[in-house]
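**Q** Okay, here's the structure, questions in a sec.
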Amino acid sequence: MKILFIGGTGNISMACTRLALEKGMEVYHLNRGTSGIKAPSNVVSINADIKDKEKVTNLIRDLEFDVVANFIAFKPEDVERDFELFAGKTDQYIFISSASAYQKPLLNPVVTESTPLKNPYWEYSRDKIACENRLQQLSRDHDFPMTIIRPSLTYETVIPTAI
């Protein structure tokens with residue numbers, strides 16, 4: 001399986017990178033290469049800012065992926081750009097959203113996938129909800145194959161401040 005992680009060196013994505021490599025996947029990272037964090041040597045690095053659509057288009061022109069996972073999309077225009085870049089070039093697009101998008105305050109202490117998405121308190125959450133809505137529309141209108149993941153706790157090397 002050939003997978004592209006947009007980002008790739010963050011808390012979630014580096015753990016995913018290591019696991020994908022352990023599973024024998026061919027892993028690519030698309031990032032600026034400025035974090036100072038080194039990816040494992042068997043990761044193929046594509047150095048570009050995902051926001052530079054023209055450069056990314058040229059760099060991935062001859063590439064196709066089984067999966068593209070974006071860990072650094074925060075605004076609807078980010079997923080719109082990803083649709084334009086990867087429609088027809090991936091079998092599955094994964095958007096990393098956030099559990100903070102779930103309804104606040106909760107009406108039920110048990111959060112499920114049917115818990116409404118509504119967080120009037122945090123712009124980050126509202127933007128993630130808008131991204132999800134745009135992806136769902138792209139999926140309906142263009143058969144864009146996508147999955148939304150809403151992690152609730154994301155740390156590997158950073159200890160959450162609540163502890």
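A note on labels: chains of the structure tokens are A, B, ... as shown, every chain counts residues from 1, and ligands are counted from 1 in their shown order.
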Might you pull out every residue within 6 Å of Arg150 (chain A), with only C-alpha atoms counted and same-chain residues fewer than 4 positions away left off, and present them as a PyMOL selection string?

**A** chain A and resi 97-99

**Q** Write out as a list in words all residues of region 75-130 of chain A that backbone DSSP assigns to alpha helix (DSSP H).

**A**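 Listing alpha helix (DSSP H) positions across region 75-130 of chain A yields Pro76, Glu77, Asp78, Val79, Glu80, Arg81, Asp82, Phe83, Glu84, Leu85, Phe86, Glu123, Tyr124, Ser125, Arg126, Asp127, Lys128, Ile129 and Ala130 of chain A.
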
**Q** With N, CA and C atoms retained, could you export that selection as a tab-separated table (two decimals), in the first residue's frame?

**A**
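Result file again.tsv:
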```
chain	number	residue	atom	x	y	z
A	76	PRO	N	-11.81	25.07	5.42
A	76	PRO	CA	-12.46	24.46	4.25
A	76	PRO	C	-11.65	24.63	2.96
A	77	GLU	N	-10.96	25.73	2.82
A	77	GLU	CA	-10.15	25.91	1.60
A	77	GLU	C	-9.00	24.90	1.53
A	78	ASP	N	-8.57	24.40	2.68
A	78	ASP	CA	-7.52	23.36	2.69
A	78	ASP	C	-8.04	22.06	2.09
A	79	VAL	N	-9.24	21.65	2.48
A	79	VAL	CA	-9.77	20.40	1.92
A	79	VAL	C	-10.22	20.59	0.48
A	80	GLU	N	-10.64	21.78	0.13
A	80	GLU	CA	-10.98	22.08	-1.26
A	80	GLU	C	-9.74	21.94	-2.14
A	81	ARG	N	-8.63	22.48	-1.68
A	81	ARG	CA	-7.36	22.35	-2.40
A	81	ARG	C	-6.95	20.89	-2.51
A	82	ASP	N	-7.10	20.15	-1.43
A	82	ASP	CA	-6.75	18.73	-1.45
A	82	ASP	C	-7.61	17.96	-2.45
A	83	PHE	N	-8.88	18.28	-2.52
A	83	PHE	CA	-9.75	17.66	-3.51
A	83	PHE	C	-9.21	17.93	-4.91
A	84	GLU	N	-8.85	19.18	-5.18
A	84	GLU	CA	-8.32	19.52	-6.51
A	84	GLU	C	-7.01	18.82	-6.80
A	85	LEU	N	-6.18	18.65	-5.79
A	85	LEU	CA	-4.88	17.99	-5.97
A	85	LEU	C	-5.00	16.47	-6.09
A	86	PHE	N	-5.90	15.85	-5.33
A	86	PHE	CA	-5.87	14.40	-5.18
A	86	PHE	C	-7.06	13.65	-5.76
A	123	GLU	N	-13.13	28.48	17.65
A	123	GLU	CA	-13.07	28.66	16.20
A	123	GLU	C	-12.42	27.45	15.51
A	124	TYR	N	-11.38	26.90	16.12
A	124	TYR	CA	-10.71	25.72	15.58
A	124	TYR	C	-11.72	24.61	15.32
A	125	SER	N	-12.59	24.36	16.27
A	125	SER	CA	-13.61	23.31	16.15
A	125	SER	C	-14.61	23.66	15.05
A	126	ARG	N	-15.05	24.91	15.02
A	126	ARG	CA	-15.99	25.32	13.98
A	126	ARG	C	-15.38	25.17	12.59
A	127	ASP	N	-14.08	25.46	12.46
A	127	ASP	CA	-13.39	25.30	11.18
A	127	ASP	C	-13.29	23.82	10.79
A	128	LYS	N	-13.01	22.95	11.76
A	128	LYS	CA	-12.95	21.52	11.47
A	128	LYS	C	-14.32	21.01	11.02
A	129	ILE	N	-15.39	21.49	11.66
A	129	ILE	CA	-16.75	21.12	11.26
A	129	ILE	C	-17.01	21.58	9.83
A	130	ALA	N	-16.61	22.79	9.50
A	130	ALA	CA	-16.79	23.31	8.14
A	130	ALA	C	-16.01	22.46	7.13
```

**Q** Applying 9 Å and only C-alpha atoms, which residues near Val27 (chain A) remain after dropping the ones on its own chain fewer than 3 positions away? List them as a PDB file with N, CA and C atoms, in the first residue's frame.

**A**
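Saved file selection12.pdb follows:
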```
ATOM      1  N   MET A   1       0.847  -1.177   0.000  1.00  0.00           N
ATOM      2  CA  MET A   1       0.000   0.000   0.000  1.00  0.00           C
ATOM      3  C   MET A   1       0.888   1.234   0.000  1.00  0.00           C
ATOM      4  N   LYS A   2       0.535   2.184  -0.810  1.00  0.00           N
ATOM      5  CA  LYS A   2       1.288   3.426  -0.955  1.00  0.00           C
ATOM      6  C   LYS A   2       0.470   4.547  -0.307  1.00  0.00           C
ATOM      7  N   ILE A   3       1.067   5.176   0.712  1.00  0.00           N
ATOM      8  CA  ILE A   3       0.329   6.170   1.492  1.00  0.00           C
ATOM      9  C   ILE A   3       1.104   7.474   1.554  1.00  0.00           C
ATOM     10  N   LEU A   4       0.375   8.578   1.432  1.00  0.00           N
ATOM     11  CA  LEU A   4       0.956   9.913   1.543  1.00  0.00           C
ATOM     12  C   LEU A   4       0.394  10.580   2.783  1.00  0.00           C
ATOM     13  N   PHE A   5       1.300  10.992   3.663  1.00  0.00           N
ATOM     14  CA  PHE A   5       0.904  11.775   4.825  1.00  0.00           C
ATOM     15  C   PHE A   5       1.271  13.229   4.549  1.00  0.00           C
ATOM     16  N   THR A  17       3.161   7.106  10.836  1.00  0.00           N
ATOM     17  CA  THR A  17       4.255   6.772   9.927  1.00  0.00           C
ATOM     18  C   THR A  17       4.957   5.502  10.387  1.00  0.00           C
ATOM     19  N   ALA A  20       2.688   2.471   9.884  1.00  0.00           N
ATOM     20  CA  ALA A  20       2.553   2.130   8.465  1.00  0.00           C
ATOM     21  C   ALA A  20       3.811   1.429   7.952  1.00  0.00           C
ATOM     22  N   LEU A  21       4.973   1.912   8.368  1.00  0.00           N
ATOM     23  CA  LEU A  21       6.225   1.271   7.963  1.00  0.00           C
ATOM     24  C   LEU A  21       6.323  -0.140   8.537  1.00  0.00           C
ATOM     25  N   GLY A  24       4.604  -2.592   6.535  1.00  0.00           N
ATOM     26  CA  GLY A  24       5.132  -2.806   5.191  1.00  0.00           C
ATOM     27  C   GLY A  24       4.610  -1.861   4.129  1.00  0.00           C
ATOM     28  N   ASN A  42      13.399   5.348   5.477  1.00  0.00           N
ATOM     29  CA  ASN A  42      12.667   4.697   4.388  1.00  0.00           C
ATOM     30  C   ASN A  42      11.372   5.421   4.016  1.00  0.00           C
ATOM     31  N   VAL A  43      11.197   6.636   4.486  1.00  0.00           N
ATOM     32  CA  VAL A  43      10.085   7.484   4.068  1.00  0.00           C
ATOM     33  C   VAL A  43      10.556   8.326   2.890  1.00  0.00           C
ATOM     34  N   VAL A  44       9.728   8.399   1.859  1.00  0.00           N
ATOM     35  CA  VAL A  44      10.034   9.248   0.715  1.00  0.00           C
ATOM     36  C   VAL A  44       9.518  10.651   1.035  1.00  0.00           C
ATOM     37  N   SER A  45      10.410  11.623   1.022  1.00  0.00           N
ATOM     38  CA  SER A  45      10.025  13.000   1.342  1.00  0.00           C
ATOM     39  C   SER A  45       9.758  13.797   0.073  1.00  0.00           C
TER      40      SER A  45
END
```

**Q** For Ile46 (chain A), please output as a PyMOL selection string all residues within 10 Å (counting only C-alpha atoms; exclusion window: fewer than 4 positions along the same chain).

**A** chain A and resi 4+6+28-33+56+59-60

**Q** Could you give me, as a list of chain:residue names, the residues within 9 Å of region 93-95 of chain A, counting only C-alpha atoms and dropping anything in the same chain fewer than 5 positions from it?

**A**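 Neighbouring residues, sequence-local ones excluded: A:Asp66, A:Val67, A:Val68, A:Ala69, A:Asn70, A:Phe71, A:Ile72, A:Ala73, A:Val79, A:Asp82, A:Phe83, A:Phe86, A:Ala87, A:Cys131, A:Glu132, A:Leu135, A:Phe144, A:Pro145, A:Met146, A:Thr147, A:Ile148, A:Ile149, A:Arg150.
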
**Q** Residues as selected, N, CA, C and O atoms, written as a short mmCIF file (atom, residue, chain, number, x, y, z; two decimals), in the first residue's frame, can you do that?

**A**
```cif
data_model
loop_
_atom_site.label_atom_id
_atom_site.label_comp_id
_atom_site.auth_asym_id
_atom_site.auth_seq_id
_atom_site.Cartn_x
_atom_site.Cartn_y
_atom_site.Cartn_z
N ASP A 66 -2.66 4.98 -2.70
CA ASP A 66 -3.83 4.24 -2.19
C ASP A 66 -4.56 5.09 -1.17
O ASP A 66 -5.78 5.08 -1.10
N VAL A 67 -3.77 5.83 -0.36
CA VAL A 67 -4.33 6.67 0.69
C VAL A 67 -3.56 7.98 0.76
O VAL A 67 -2.34 7.99 0.66
N VAL A 68 -4.30 9.07 0.94
CA VAL A 68 -3.72 10.37 1.27
C VAL A 68 -4.36 10.78 2.59
O VAL A 68 -5.59 10.82 2.70
N ALA A 69 -3.54 11.07 3.60
CA ALA A 69 -4.05 11.50 4.90
C ALA A 69 -3.51 12.89 5.21
O ALA A 69 -2.30 13.09 5.21
N ASN A 70 -4.40 13.83 5.45
CA ASN A 70 -3.98 15.19 5.75
C ASN A 70 -4.15 15.47 7.24
O ASN A 70 -5.26 15.48 7.76
N PHE A 71 -3.02 15.71 7.89
CA PHE A 71 -2.99 15.99 9.33
C PHE A 71 -2.98 17.50 9.60
O PHE A 71 -3.06 17.89 10.76
N ILE A 72 -2.85 18.31 8.57
CA ILE A 72 -2.68 19.75 8.78
C ILE A 72 -3.69 20.59 8.00
O ILE A 72 -3.43 21.74 7.68
N ALA A 73 -4.86 20.03 7.73
CA ALA A 73 -5.94 20.80 7.10
C ALA A 73 -6.81 21.37 8.21
O ALA A 73 -7.29 20.62 9.07
N VAL A 79 -9.24 21.65 2.48
CA VAL A 79 -9.77 20.40 1.92
C VAL A 79 -10.22 20.59 0.48
O VAL A 79 -10.14 19.66 -0.32
N ASP A 82 -7.10 20.15 -1.43
CA ASP A 82 -6.75 18.73 -1.45
C ASP A 82 -7.61 17.96 -2.45
O ASP A 82 -7.11 17.08 -3.16
N PHE A 83 -8.88 18.28 -2.52
CA PHE A 83 -9.75 17.66 -3.51
C PHE A 83 -9.21 17.93 -4.91
O PHE A 83 -9.11 17.02 -5.74
N PHE A 86 -5.90 15.85 -5.33
CA PHE A 86 -5.87 14.40 -5.18
C PHE A 86 -7.06 13.65 -5.76
O PHE A 86 -7.03 12.41 -5.79
N ALA A 87 -8.09 14.34 -6.24
CA ALA A 87 -9.20 13.63 -6.88
C ALA A 87 -8.63 12.88 -8.09
O ALA A 87 -7.92 13.45 -8.91
N CYS A 131 -14.82 22.01 7.50
CA CYS A 131 -14.05 21.12 6.63
C CYS A 131 -14.81 19.82 6.40
O CYS A 131 -14.89 19.33 5.26
N GLU A 132 -15.32 19.25 7.47
CA GLU A 132 -16.07 18.00 7.35
C GLU A 132 -17.28 18.17 6.44
O GLU A 132 -17.55 17.32 5.58
N LEU A 135 -16.13 18.31 2.83
CA LEU A 135 -15.73 16.98 2.36
C LEU A 135 -16.94 16.10 2.08
O LEU A 135 -16.97 15.35 1.10
N PHE A 144 -15.97 11.63 -4.24
CA PHE A 144 -14.62 11.73 -3.67
C PHE A 144 -14.54 10.80 -2.47
O PHE A 144 -15.28 10.98 -1.49
N PRO A 145 -13.65 9.81 -2.52
CA PRO A 145 -13.59 8.82 -1.44
C PRO A 145 -12.89 9.38 -0.21
O PRO A 145 -11.69 9.64 -0.22
N MET A 146 -13.64 9.60 0.85
CA MET A 146 -13.04 10.24 2.02
C MET A 146 -13.49 9.58 3.30
O MET A 146 -14.55 8.98 3.38
N THR A 147 -12.63 9.72 4.31
CA THR A 147 -12.91 9.26 5.66
C THR A 147 -12.56 10.40 6.61
O THR A 147 -11.54 11.07 6.41
N ILE A 148 -13.38 10.60 7.61
CA ILE A 148 -13.13 11.63 8.61
C ILE A 148 -12.80 10.93 9.93
O ILE A 148 -13.53 10.04 10.36
N ILE A 149 -11.70 11.34 10.54
CA ILE A 149 -11.29 10.79 11.83
C ILE A 149 -11.26 11.93 12.84
O ILE A 149 -10.72 13.00 12.56
N ARG A 150 -11.86 11.69 14.01
CA ARG A 150 -11.92 12.71 15.06
C ARG A 150 -11.18 12.23 16.31
O ARG A 150 -11.80 11.75 17.25
#
```

**Q** What does the distance from CA of Leu117 (chain A) to CA of Gln103 (chain A) come to in Å, to one decimal?

**A**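 A separation of 5.1 Å between them.
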
**Q** Mind listing the strand (DSSP E) residues of region 68-153 of chain A, per DSSP on the backbone, as a PyMOL selection string?

**A** chain A and resi 68-70+90-96+146-149
